[in-house]
Amino acid sequence: MKVPLSRPEITELDRRAVLGILDGPTLALGPRLVAFEEAMAKAAGTQFAVAVSSGTAALHLVVRALGMGQGDEVITTPFSFVASANTILYERATPVFVDILDDTLCISPDLIEAAITPRTRAILAVDVFGQPAALDRIREIASRRGLLMIEDACESLGSAFQGLPAGNGRWAEAATFAFYPNKQITTGEGGCIVTDSKEIYRLCRSMRNQGRSEQGGWLDHERLGYNYRMAEMNAALGLAQVSRLDDIIASRQSVASRWAERLAPLAERGLLRLPWIHPAVTRMSWFVYVVRLAPEIDRDAVLRDLLGKGVECRPYFTPIHLQPFYREMGYQEGMYPVTEAAGRQCLALPFFNTITDEELDYAADALRRALDR
Ligand SMILES: *Cc1c(COP(=O)(O)O)cnc(C)c1O
C-alpha cells in the first residue's frame, strides 16, 4: 500500500467552478477574485482581504506595506517554513530569531521580549501546524513596546484563538493565508492578506498589481509593484473550497482524532508525543499531523523505514537558521536548542481529508514496527 503525505480533495463542484471560468471572458481581475476576497475577510473576521499568487507573496507584501527595510529588525521564529523569514530578507530587513515553546512549537513570548532592541520594528509570529501562536501575549508586547505585529496564518485558516479566527485584526496589523495544495483549502497556488487597516489594504492591492492605483490607467504605476495577482481560475477554486471550510475542518479534526487513538499506546510507552493544543486555541484547524519521537530514537531511521513501506512522512521542519544560506549568514547549531530538538524529533504523518481507516491502520502499524526496531 502507498499512503501519501497529503492529497487535495477536489470535488465535482470545485471542478465545475474552475471550468465555468473558461466559458467566460474574464480570466483575471474578475468577479471570482472579489468574491473569494470577501469570503476570506469573512473567515478571518477582518474588514479587508487581498488575494495574491502565493502565501510567500502575501507575506512579502505585508512586510513591505509595513515599511520594513535595511537596519530594521523583525523578531520571528526559526521553527517555520522558510518563507516566513525569507520575506524579511527580501526587504533587506534583519530577521532576529528567538526560540519556541516546547509544547506548542510556536514562538516564545518571553524570548520575544528579551530580544527587543532599539532597532526592533516588528514581530512576525507563525501559527505552527494549524495552532495559533500566543497571539494575546504577543499583541500585548507589541503594543507596550511600540512594535508592529504580523501573523503568518498560512497554516491556520479556520483555527480560532480565544474565540477569534486566525488572522483576526484584534491581534496583528495584518495576517496571511496560503493555498498550496497541502493546505486546508487550495487554489493550486495562492495566498491572501487579511487586515483591518485600510492603508495596508490599499498598499497591498496596488503592489500585487504592478503598483497601479485604483483610479489610474493600466499603464500608470504609482509605486514599485509586482505581479502577485491571483487568476480567476484559482479564485474560483478557492471560493468553492472555502464555502465548505467547516466540513473540511471537521473531517481533518476527525482524522487527527483517529491518529491520536491509534498512537495512544505508543505515546503511553514513551516512544512519542502527540500534538498538544493550548487551551486558548478554541478551534483547531489541522494543517499537518506531527508527532515528536522520543529523543533517543533515530528519527531519520524511522523515516527511512516508513518511506520503504510506502508511508510518506516528512521531517517537519528543518529549522530555518540551519538551512545552508542562513548558516552562511553566521547561524549555527546550538543557537536555538528547543527548535533544534523539535527539528530532530518531529515527524509529519500522512494527513488529508479523505484518508481511510485502512490507510491509517497501515501507516500506524508501519510506525509501530519501525519504533519497535
Ligand atoms: C505554506 C506556508 C507559507 C506560504 O507558502 P506558499 O507556498 O508561498 O504559498 C508561509 N508560511 C508558512 C508557515 C507556511 O506553512
# chains A, B, ... in the order shown; residues from 1 in each chain; ligands from 1
call {"tool": "closest_atom_pairs", "arguments": {"of": "chain A", "to": "ligand 1", "cutoff": "9 Å", "atoms": "only C-alpha atoms and all ligand atoms", "output": "tab-separated table"}}
result
residue	atom	partner	partner_atom_place_in_ligand_line	distance
A:Ser53	CA	ligand 1	9 (O)	7.8
A:Ser54	CA	ligand 1	9 (O)	4.1
A:Gly55	CA	ligand 1	9 (O)	3.5
A:Thr56	CA	ligand 1	8 (O)	3.6
A:Ala57	CA	ligand 1	8 (O)	6.4
A:Ala58	CA	ligand 1	8 (O)	7.9
A:Leu59	CA	ligand 1	10 (C)	7.3
A:Phe79	CA	ligand 1	13 (C)	8.8
A:Ser80	CA	ligand 1	13 (C)	5.2
A:Phe81	CA	ligand 1	13 (C)	4.6
A:Val82	CA	ligand 1	11 (N)	7.1
A:Ala83	CA	ligand 1	10 (C)	5.3
A:Ser84	CA	ligand 1	11 (N)	5.1
A:Ala85	CA	ligand 1	11 (N)	8.8
A:Val126	CA	ligand 1	13 (C)	6.0
A:Asp127	CA	ligand 1	13 (C)	6.9
A:Val128	CA	ligand 1	13 (C)	6.6
A:Phe129	CA	ligand 1	15 (O)	7.5
A:Gly130	CA	ligand 1	15 (O)	8.9
A:Asp152	CA	ligand 1	11 (N)	6.0
A:Ala153	CA	ligand 1	13 (C)	7.0
A:Cys154	CA	ligand 1	14 (C)	4.8
A:Glu155	CA	ligand 1	15 (O)	5.0
A:Ser156	CA	ligand 1	15 (O)	8.7
A:Thr176	CA	ligand 1	10 (C)	7.9
A:Phe177	CA	ligand 1	4 (C)	7.3
A:Ala178	CA	ligand 1	9 (O)	4.5
A:Phe179	CA	ligand 1	9 (O)	5.7
A:Tyr180	CA	ligand 1	9 (O)	5.1
A:Pro181	CA	ligand 1	7 (O)	8.9
A:Asn182	CA	ligand 1	1 (C)	8.2
A:Lys183	CA	ligand 1	1 (C)	7.1
A:Glu189	CA	ligand 1	9 (O)	6.3
A:Gly190	CA	ligand 1	9 (O)	5.7
A:Gly191	CA	ligand 1	9 (O)	5.7
A:Phe287	CA	ligand 1	15 (O)	8.5
call {"tool": "residues_around", "arguments": {"residues": "segment 114-122 of chain A", "least_positions_apart": "3", "cutoff": "6 Å", "atoms": "only C-alpha atoms", "output": "JSON, numbers by chain"}}
result
{"A": [72, 73, 74, 111, 147, 148, 149]}
call {"tool": "write_last_selection", "arguments": {"atoms": "N, CA, C and O atoms", "output": "short mmCIF file (atom, residue, chain, number, x, y, z; two decimals), in the first residue's frame"}}
result
data_model
loop_
_atom_site.label_atom_id
_atom_site.label_comp_id
_atom_site.auth_asym_id
_atom_site.auth_seq_id
_atom_site.Cartn_x
_atom_site.Cartn_y
_atom_site.Cartn_z
N ASP A 72 16.23 47.48 9.94
CA ASP A 72 15.10 47.15 10.82
C ASP A 72 15.17 45.69 11.24
O ASP A 72 15.45 44.81 10.41
N GLU A 73 14.91 45.45 12.50
CA GLU A 73 14.89 44.07 13.00
C GLU A 73 13.45 43.58 13.15
O GLU A 73 12.60 44.30 13.68
N VAL A 74 13.21 42.38 12.67
CA VAL A 74 11.90 41.75 12.81
C VAL A 74 12.10 40.45 13.58
O VAL A 74 12.81 39.55 13.13
N LEU A 111 10.82 35.16 25.22
CA LEU A 111 12.06 35.36 24.46
C LEU A 111 11.93 36.51 23.47
O LEU A 111 12.91 37.19 23.16
N LEU A 147 5.65 48.18 18.76
CA LEU A 147 6.06 47.39 17.59
C LEU A 147 4.85 47.00 16.75
O LEU A 147 3.73 46.96 17.25
N LEU A 148 5.10 46.70 15.49
CA LEU A 148 4.06 46.16 14.62
C LEU A 148 4.03 44.64 14.78
O LEU A 148 5.02 44.03 15.19
N MET A 149 2.89 44.04 14.43
CA MET A 149 2.77 42.58 14.54
C MET A 149 2.19 42.01 13.26
O MET A 149 1.21 42.53 12.72
#
call {"tool": "closest_residue", "arguments": {"among": "A:Asp220, A:Asp102, A:Asp14, A:Glu359", "to": "Glu312 of chain A", "atoms": "only C-alpha atoms"}}
result
A:Glu359
call {"tool": "closest_residue", "arguments": {"among": "A:Leu360, A:Leu5, A:Ala134, A:Cys204", "to": "Arg262 of chain A", "atoms": "only C-alpha atoms"}}
result
A:Leu360
call {"tool": "select_by_dssp", "arguments": {"residues": "segment 211-241 of chain A", "states": "alpha helix (DSSP H)", "output": "PyMOL selection string"}}
result
chain A and resi 232-241
call {"tool": "residues_around", "arguments": {"residues": "Val291 of chain A", "least_positions_apart": "2", "cutoff": "12 Å", "atoms": "only C-alpha atoms", "output": "number ranges by chain"}}
result
A: 103-105, 129, 256, 259-260, 263-264, 266-267, 271-276, 288-289, 293-294, 299, 313-317, 342-351, 364, 367
call {"tool": "write_last_selection", "arguments": {"atoms": "C-alpha atoms", "output": "compact mmCIF listing (two decimals), in the first residue's frame"}}
result
# COMPACT_ATOMS: atom_id res chain seq x y z
CA ASP A 103 4.69 22.32 23.96
CA THR A 104 3.04 24.35 21.16
CA LEU A 105 6.18 24.71 18.98
CA PHE A 129 0.88 23.24 12.07
CA ALA A 256 -6.46 13.89 13.89
CA TRP A 259 -4.49 9.22 14.51
CA ALA A 260 -4.47 10.01 18.25
CA LEU A 263 -0.95 6.30 18.51
CA ALA A 264 -2.07 6.50 22.16
CA LEU A 266 2.90 4.34 21.58
CA ALA A 267 2.61 7.62 23.50
CA LEU A 271 8.03 6.34 22.31
CA LEU A 272 6.44 9.53 21.02
CA ARG A 273 4.47 12.63 21.99
CA LEU A 274 1.16 13.51 20.34
CA PRO A 275 0.45 17.11 19.30
CA TRP A 276 -0.58 19.30 22.24
CA VAL A 288 -0.46 18.60 9.25
CA TYR A 289 -0.30 15.91 11.91
CA LEU A 293 9.63 10.91 18.65
CA ALA A 294 11.46 10.33 21.93
CA ARG A 299 14.01 9.77 13.70
CA CYS A 313 6.33 11.09 6.03
CA ARG A 314 8.43 14.23 6.35
CA PRO A 315 10.68 15.82 8.97
CA TYR A 316 8.63 19.00 9.52
CA PHE A 317 10.51 21.49 9.96
CA ALA A 342 11.98 19.71 17.58
CA GLY A 343 13.73 19.70 14.21
CA ARG A 344 15.45 16.41 15.10
CA GLN A 345 12.39 14.72 16.60
CA CYS A 346 9.34 15.83 14.63
CA LEU A 347 7.72 13.60 12.06
CA ALA A 348 4.74 14.61 9.91
CA LEU A 349 2.46 11.64 9.22
CA PRO A 350 0.11 11.12 6.25
CA PHE A 351 -2.77 13.53 6.78
CA ALA A 364 0.16 3.38 12.18
CA LEU A 367 5.20 3.33 12.50
call {"tool": "select_by_dssp", "arguments": {"residues": "segment 66-305 of chain A", "states": "strand (DSSP E or B)", "output": "PDB file with N, CA, C and O atoms, in the first residue's frame"}}
result
ATOM      1  N   GLU A  73      14.914  45.446  12.504  1.00  0.00           N
ATOM      2  CA  GLU A  73      14.890  44.068  12.996  1.00  0.00           C
ATOM      3  C   GLU A  73      13.454  43.583  13.152  1.00  0.00           C
ATOM      4  O   GLU A  73      12.602  44.304  13.680  1.00  0.00           O
ATOM      5  N   VAL A  74      13.212  42.376  12.667  1.00  0.00           N
ATOM      6  CA  VAL A  74      11.897  41.749  12.809  1.00  0.00           C
ATOM      7  C   VAL A  74      12.097  40.452  13.584  1.00  0.00           C
ATOM      8  O   VAL A  74      12.811  39.550  13.125  1.00  0.00           O
ATOM      9  N   ILE A  75      11.475  40.371  14.745  1.00  0.00           N
ATOM     10  CA  ILE A  75      11.637  39.176  15.576  1.00  0.00           C
ATOM     11  C   ILE A  75      10.711  38.086  15.066  1.00  0.00           C
ATOM     12  O   ILE A  75       9.512  38.316  14.855  1.00  0.00           O
ATOM     13  N   THR A  76      11.275  36.899  14.849  1.00  0.00           N
ATOM     14  CA  THR A  76      10.465  35.802  14.304  1.00  0.00           C
ATOM     15  C   THR A  76      11.010  34.461  14.774  1.00  0.00           C
ATOM     16  O   THR A  76      11.976  34.398  15.530  1.00  0.00           O
ATOM     17  N   THR A  94      16.291  42.635   8.892  1.00  0.00           N
ATOM     18  CA  THR A  94      17.005  41.534   9.544  1.00  0.00           C
ATOM     19  C   THR A  94      16.046  40.669  10.348  1.00  0.00           C
ATOM     20  O   THR A  94      15.420  41.169  11.297  1.00  0.00           O
ATOM     21  N   PRO A  95      15.919  39.383   9.983  1.00  0.00           N
ATOM     22  CA  PRO A  95      15.143  38.508  10.861  1.00  0.00           C
ATOM     23  C   PRO A  95      15.951  38.222  12.125  1.00  0.00           C
ATOM     24  O   PRO A  95      17.124  37.868  12.036  1.00  0.00           O
ATOM     25  N   VAL A  96      15.343  38.432  13.275  1.00  0.00           N
ATOM     26  CA  VAL A  96      16.004  38.102  14.545  1.00  0.00           C
ATOM     27  C   VAL A  96      15.249  36.917  15.122  1.00  0.00           C
ATOM     28  O   VAL A  96      14.077  37.039  15.501  1.00  0.00           O
ATOM     29  N   PHE A  97      15.906  35.760  15.123  1.00  0.00           N
ATOM     30  CA  PHE A  97      15.209  34.563  15.575  1.00  0.00           C
ATOM     31  C   PHE A  97      15.198  34.478  17.094  1.00  0.00           C
ATOM     32  O   PHE A  97      16.181  34.847  17.756  1.00  0.00           O
ATOM     33  N   ILE A 100      11.400  28.695  20.472  1.00  0.00           N
ATOM     34  CA  ILE A 100       9.970  28.382  20.575  1.00  0.00           C
ATOM     35  C   ILE A 100       9.633  27.763  21.929  1.00  0.00           C
ATOM     36  O   ILE A 100      10.523  27.434  22.720  1.00  0.00           O
ATOM     37  N   ILE A 107       6.433  30.451  18.685  1.00  0.00           N
ATOM     38  CA  ILE A 107       7.424  31.395  19.224  1.00  0.00           C
ATOM     39  C   ILE A 107       7.144  31.723  20.701  1.00  0.00           C
ATOM     40  O   ILE A 107       5.987  31.862  21.102  1.00  0.00           O
ATOM     41  N   THR A 120      14.364  47.111  16.755  1.00  0.00           N
ATOM     42  CA  THR A 120      13.232  46.222  16.504  1.00  0.00           C
ATOM     43  C   THR A 120      12.033  47.027  16.022  1.00  0.00           C
ATOM     44  O   THR A 120      11.662  48.029  16.636  1.00  0.00           O
ATOM     45  N   ARG A 121      11.442  46.587  14.910  1.00  0.00           N
ATOM     46  CA  ARG A 121      10.267  47.292  14.380  1.00  0.00           C
ATOM     47  C   ARG A 121       9.005  46.435  14.428  1.00  0.00           C
ATOM     48  O   ARG A 121       7.901  46.959  14.484  1.00  0.00           O
ATOM     49  N   ALA A 122       9.191  45.112  14.332  1.00  0.00           N
ATOM     50  CA  ALA A 122       8.004  44.268  14.210  1.00  0.00           C
ATOM     51  C   ALA A 122       8.264  42.870  14.761  1.00  0.00           C
ATOM     52  O   ALA A 122       9.414  42.458  14.940  1.00  0.00           O
ATOM     53  N   ILE A 123       7.153  42.180  15.034  1.00  0.00           N
ATOM     54  CA  ILE A 123       7.199  40.772  15.419  1.00  0.00           C
ATOM     55  C   ILE A 123       6.410  40.007  14.361  1.00  0.00           C
ATOM     56  O   ILE A 123       5.278  40.373  14.051  1.00  0.00           O
ATOM     57  N   LEU A 124       7.032  38.979  13.797  1.00  0.00           N
ATOM     58  CA  LEU A 124       6.337  38.134  12.822  1.00  0.00           C
ATOM     59  C   LEU A 124       6.143  36.762  13.475  1.00  0.00           C
ATOM     60  O   LEU A 124       7.077  35.987  13.587  1.00  0.00           O
ATOM     61  N   ALA A 125       4.919  36.522  13.966  1.00  0.00           N
ATOM     62  CA  ALA A 125       4.616  35.253  14.643  1.00  0.00           C
ATOM     63  C   ALA A 125       4.055  34.268  13.628  1.00  0.00           C
ATOM     64  O   ALA A 125       3.390  34.665  12.670  1.00  0.00           O
ATOM     65  N   VAL A 126       4.327  33.000  13.827  1.00  0.00           N
ATOM     66  CA  VAL A 126       3.850  31.960  12.911  1.00  0.00           C
ATOM     67  C   VAL A 126       2.961  30.985  13.676  1.00  0.00           C
ATOM     68  O   VAL A 126       3.323  30.518  14.761  1.00  0.00           O
ATOM     69  N   VAL A 128       1.922  27.498  14.019  1.00  0.00           N
ATOM     70  CA  VAL A 128       2.624  26.305  13.553  1.00  0.00           C
ATOM     71  C   VAL A 128       1.707  25.075  13.483  1.00  0.00           C
ATOM     72  O   VAL A 128       1.069  24.714  14.476  1.00  0.00           O
ATOM     73  N   GLN A 131      -1.874  25.529  14.727  1.00  0.00           N
ATOM     74  CA  GLN A 131      -2.098  26.079  16.072  1.00  0.00           C
ATOM     75  C   GLN A 131      -1.643  27.545  16.157  1.00  0.00           C
ATOM     76  O   GLN A 131      -0.458  27.842  15.970  1.00  0.00           O
ATOM     77  N   LEU A 148       5.104  46.696  15.488  1.00  0.00           N
ATOM     78  CA  LEU A 148       4.059  46.156  14.618  1.00  0.00           C
ATOM     79  C   LEU A 148       4.033  44.639  14.780  1.00  0.00           C
ATOM     80  O   LEU A 148       5.019  44.030  15.190  1.00  0.00           O
ATOM     81  N   MET A 149       2.892  44.043  14.427  1.00  0.00           N
ATOM     82  CA  MET A 149       2.774  42.583  14.541  1.00  0.00           C
ATOM     83  C   MET A 149       2.193  42.012  13.260  1.00  0.00           C
ATOM     84  O   MET A 149       1.213  42.530  12.715  1.00  0.00           O
ATOM     85  N   ILE A 150       2.837  40.955  12.787  1.00  0.00           N
ATOM     86  CA  ILE A 150       2.364  40.216  11.604  1.00  0.00           C
ATOM     87  C   ILE A 150       2.057  38.798  12.060  1.00  0.00           C
ATOM     88  O   ILE A 150       2.850  38.202  12.796  1.00  0.00           O
ATOM     89  N   GLU A 151       0.906  38.270  11.630  1.00  0.00           N
ATOM     90  CA  GLU A 151       0.594  36.868  11.930  1.00  0.00           C
ATOM     91  C   GLU A 151       0.704  36.064  10.642  1.00  0.00           C
ATOM     92  O   GLU A 151      -0.082  36.272   9.716  1.00  0.00           O
ATOM     93  N   ASP A 152       1.674  35.160  10.593  1.00  0.00           N
ATOM     94  CA  ASP A 152       1.738  34.210   9.484  1.00  0.00           C
ATOM     95  C   ASP A 152       0.762  33.085   9.814  1.00  0.00           C
ATOM     96  O   ASP A 152       1.081  32.166  10.575  1.00  0.00           O
ATOM     97  N   ALA A 160      -9.143  29.083  15.723  1.00  0.00           N
ATOM     98  CA  ALA A 160      -9.540  30.262  16.495  1.00  0.00           C
ATOM     99  C   ALA A 160      -8.735  30.314  17.780  1.00  0.00           C
ATOM    100  O   ALA A 160      -8.398  29.284  18.365  1.00  0.00           O
ATOM    101  N   PHE A 161      -8.417  31.558  18.184  1.00  0.00           N
ATOM    102  CA  PHE A 161      -7.672  31.802  19.417  1.00  0.00           C
ATOM    103  C   PHE A 161      -8.545  32.682  20.294  1.00  0.00           C
ATOM    104  O   PHE A 161      -8.953  33.753  19.856  1.00  0.00           O
ATOM    105  N   LEU A 164     -11.561  34.063  18.564  1.00  0.00           N
ATOM    106  CA  LEU A 164     -11.430  34.860  17.344  1.00  0.00           C
ATOM    107  C   LEU A 164     -10.653  34.080  16.290  1.00  0.00           C
ATOM    108  O   LEU A 164      -9.663  33.422  16.599  1.00  0.00           O
ATOM    109  N   PRO A 165     -11.099  34.179  15.029  1.00  0.00           N
ATOM    110  CA  PRO A 165     -10.443  33.387  13.982  1.00  0.00           C
ATOM    111  C   PRO A 165      -8.986  33.778  13.755  1.00  0.00           C
ATOM    112  O   PRO A 165      -8.613  34.946  13.940  1.00  0.00           O
ATOM    113  N   ALA A 174      -1.625  42.808  10.275  1.00  0.00           N
ATOM    114  CA  ALA A 174      -2.032  42.078   9.073  1.00  0.00           C
ATOM    115  C   ALA A 174      -1.640  40.618   9.244  1.00  0.00           C
ATOM    116  O   ALA A 174      -0.689  40.300   9.958  1.00  0.00           O
ATOM    117  N   ALA A 175      -2.393  39.742   8.588  1.00  0.00           N
ATOM    118  CA  ALA A 175      -2.093  38.308   8.648  1.00  0.00           C
ATOM    119  C   ALA A 175      -2.148  37.739   7.238  1.00  0.00           C
ATOM    120  O   ALA A 175      -2.681  38.379   6.319  1.00  0.00           O
ATOM    121  N   THR A 176      -1.563  36.556   7.072  1.00  0.00           N
ATOM    122  CA  THR A 176      -1.510  35.947   5.736  1.00  0.00           C
ATOM    123  C   THR A 176      -2.011  34.505   5.770  1.00  0.00           C
ATOM    124  O   THR A 176      -1.811  33.791   6.747  1.00  0.00           O
ATOM    125  N   PHE A 177      -2.662  34.113   4.676  1.00  0.00           N
ATOM    126  CA  PHE A 177      -3.059  32.709   4.463  1.00  0.00           C
ATOM    127  C   PHE A 177      -2.375  32.193   3.199  1.00  0.00           C
ATOM    128  O   PHE A 177      -1.938  32.986   2.356  1.00  0.00           O
ATOM    129  N   ALA A 178      -2.320  30.866   3.069  1.00  0.00           N
ATOM    130  CA  ALA A 178      -1.712  30.258   1.885  1.00  0.00           C
ATOM    131  C   ALA A 178      -2.569  29.100   1.398  1.00  0.00           C
ATOM    132  O   ALA A 178      -3.228  28.423   2.196  1.00  0.00           O
ATOM    133  N   GLY A 191      -2.400  32.832  -2.164  1.00  0.00           N
ATOM    134  CA  GLY A 191      -2.276  33.331  -0.805  1.00  0.00           C
ATOM    135  C   GLY A 191      -3.212  34.498  -0.612  1.00  0.00           C
ATOM    136  O   GLY A 191      -3.896  34.926  -1.559  1.00  0.00           O
ATOM    137  N   CYS A 192      -3.266  35.020   0.605  1.00  0.00           N
ATOM    138  CA  CYS A 192      -4.173  36.118   0.886  1.00  0.00           C
ATOM    139  C   CYS A 192      -3.683  36.909   2.091  1.00  0.00           C
ATOM    140  O   CYS A 192      -3.144  36.337   3.032  1.00  0.00           O
ATOM    141  N   ILE A 193      -3.875  38.225   2.016  1.00  0.00           N
ATOM    142  CA  ILE A 193      -3.591  39.111   3.148  1.00  0.00           C
ATOM    143  C   ILE A 193      -4.933  39.491   3.749  1.00  0.00           C
ATOM    144  O   ILE A 193      -5.863  39.824   3.002  1.00  0.00           O
ATOM    145  N   VAL A 194      -5.038  39.451   5.060  1.00  0.00           N
ATOM    146  CA  VAL A 194      -6.244  39.958   5.718  1.00  0.00           C
ATOM    147  C   VAL A 194      -5.830  41.022   6.731  1.00  0.00           C
ATOM    148  O   VAL A 194      -4.798  40.892   7.392  1.00  0.00           O
ATOM    149  N   THR A 195      -6.631  42.074   6.840  1.00  0.00           N
ATOM    150  CA  THR A 195      -6.276  43.197   7.708  1.00  0.00           C
ATOM    151  C   THR A 195      -7.501  44.069   7.983  1.00  0.00           C
ATOM    152  O   THR A 195      -8.460  44.052   7.210  1.00  0.00           O
ATOM    153  N   ASN A 209      -0.439  44.421  -8.027  1.00  0.00           N
ATOM    154  CA  ASN A 209      -0.847  44.711  -9.399  1.00  0.00           C
ATOM    155  C   ASN A 209       0.064  45.776 -10.015  1.00  0.00           C
ATOM    156  O   ASN A 209      -0.401  46.787 -10.527  1.00  0.00           O
ATOM    157  N   ASN A 227       3.902  41.494 -10.033  1.00  0.00           N
ATOM    158  CA  ASN A 227       2.730  40.761 -10.494  1.00  0.00           C
ATOM    159  C   ASN A 227       2.502  39.617  -9.524  1.00  0.00           C
ATOM    160  O   ASN A 227       3.049  38.525  -9.680  1.00  0.00           O
ATOM    161  N   ALA A 231      -5.240  34.530 -10.410  1.00  0.00           N
ATOM    162  CA  ALA A 231      -6.102  34.418 -11.593  1.00  0.00           C
ATOM    163  C   ALA A 231      -7.505  33.937 -11.197  1.00  0.00           C
ATOM    164  O   ALA A 231      -7.700  33.365 -10.131  1.00  0.00           O
ATOM    165  N   LEU A 272       6.700   8.279  21.738  1.00  0.00           N
ATOM    166  CA  LEU A 272       6.439   9.532  21.023  1.00  0.00           C
ATOM    167  C   LEU A 272       5.487  10.407  21.813  1.00  0.00           C
ATOM    168  O   LEU A 272       4.847   9.946  22.762  1.00  0.00           O
ATOM    169  N   ARG A 273       5.429  11.695  21.416  1.00  0.00           N
ATOM    170  CA  ARG A 273       4.467  12.634  21.987  1.00  0.00           C
ATOM    171  C   ARG A 273       3.479  13.028  20.912  1.00  0.00           C
ATOM    172  O   ARG A 273       3.862  13.337  19.780  1.00  0.00           O
ATOM    173  N   VAL A 281      -6.557  27.976  22.357  1.00  0.00           N
ATOM    174  CA  VAL A 281      -6.958  27.675  20.977  1.00  0.00           C
ATOM    175  C   VAL A 281      -8.355  27.064  21.037  1.00  0.00           C
ATOM    176  O   VAL A 281      -8.522  25.897  21.394  1.00  0.00           O
ATOM    177  N   THR A 282      -9.359  27.887  20.726  1.00  0.00           N
ATOM    178  CA  THR A 282     -10.742  27.458  20.921  1.00  0.00           C
ATOM    179  C   THR A 282     -11.272  26.682  19.710  1.00  0.00           C
ATOM    180  O   THR A 282     -12.334  26.074  19.770  1.00  0.00           O
ATOM    181  N   ARG A 283     -10.538  26.725  18.609  1.00  0.00           N
ATOM    182  CA  ARG A 283     -10.876  25.856  17.475  1.00  0.00           C
ATOM    183  C   ARG A 283      -9.574  25.532  16.766  1.00  0.00           C
ATOM    184  O   ARG A 283      -8.805  26.429  16.434  1.00  0.00           O
ATOM    185  N   TYR A 289      -0.279  16.626  10.643  1.00  0.00           N
ATOM    186  CA  TYR A 289      -0.299  15.908  11.910  1.00  0.00           C
ATOM    187  C   TYR A 289       1.129  15.473  12.215  1.00  0.00           C
ATOM    188  O   TYR A 289       1.684  14.612  11.550  1.00  0.00           O
ATOM    189  N   VAL A 290       1.701  16.144  13.227  1.00  0.00           N
ATOM    190  CA  VAL A 290       3.127  15.968  13.513  1.00  0.00           C
ATOM    191  C   VAL A 290       3.306  15.386  14.906  1.00  0.00           C
ATOM    192  O   VAL A 290       2.804  15.960  15.886  1.00  0.00           O
ATOM    193  N   VAL A 291       3.999  14.255  14.997  1.00  0.00           N
ATOM    194  CA  VAL A 291       4.318  13.686  16.310  1.00  0.00           C
ATOM    195  C   VAL A 291       5.793  13.925  16.593  1.00  0.00           C
ATOM    196  O   VAL A 291       6.588  14.197  15.685  1.00  0.00           O
ATOM    197  N   ARG A 292       6.129  13.848  17.887  1.00  0.00           N
ATOM    198  CA  ARG A 292       7.528  14.030  18.289  1.00  0.00           C
ATOM    199  C   ARG A 292       8.048  12.728  18.832  1.00  0.00           C
ATOM    200  O   ARG A 292       7.550  12.222  19.844  1.00  0.00           O
ATOM    201  N   LEU A 293       9.048  12.165  18.171  1.00  0.00           N
ATOM    202  CA  LEU A 293       9.626  10.907  18.646  1.00  0.00           C
ATOM    203  C   LEU A 293      10.504  11.179  19.868  1.00  0.00           C
ATOM    204  O   LEU A 293      11.052  12.281  20.022  1.00  0.00           O
TER     205      LEU A 293
END
call {"tool": "closest_residue", "arguments": {"among": "A:Ala235, A:Arg368, A:Gln241, A:Met68", "to": "Pro265 of chain A", "atoms": "only C-alpha atoms"}}
result
A:Arg368
call {"tool": "closest_residue", "arguments": {"among": "A:Arg223, A:Lys2, A:Arg205, A:Arg269", "to": "Tyr362 of chain A", "atoms": "only C-alpha atoms"}}
result
A:Lys2
call {"tool": "closest_residue", "arguments": {"among": "A:Ser243, A:Thr339, A:Gln184, A:Thr87", "to": "Leu61 of chain A", "atoms": "only C-alpha atoms"}}
result
A:Thr87
call {"tool": "closest_residue", "arguments": {"among": "A:Val18, A:Ala142, A:Ala93, A:Ile88", "to": "His60 of chain A", "atoms": "only C-alpha atoms"}}
result
A:Ile88
call {"tool": "residues_around", "arguments": {"residues": "Asp136 of chain A", "least_positions_apart": "2", "cutoff": "10 Å", "atoms": "only C-alpha atoms", "output": "list in words"}}
result
Pro109, Ala133, Ala134, Ile138, Arg139, Glu140, Ile141, Ala142, Phe161, Gln162, Arg170, Trp171, Ala172 and Ala280 of chain A
call {"tool": "residues_around", "arguments": {"residues": "Ile10 of chain A", "least_positions_apart": "6", "cutoff": "10 Å", "atoms": "only C-alpha atoms", "output": "list in words"}}
result
Ile185, Thr186, Leu237, Ala240 and Gln241 of chain A
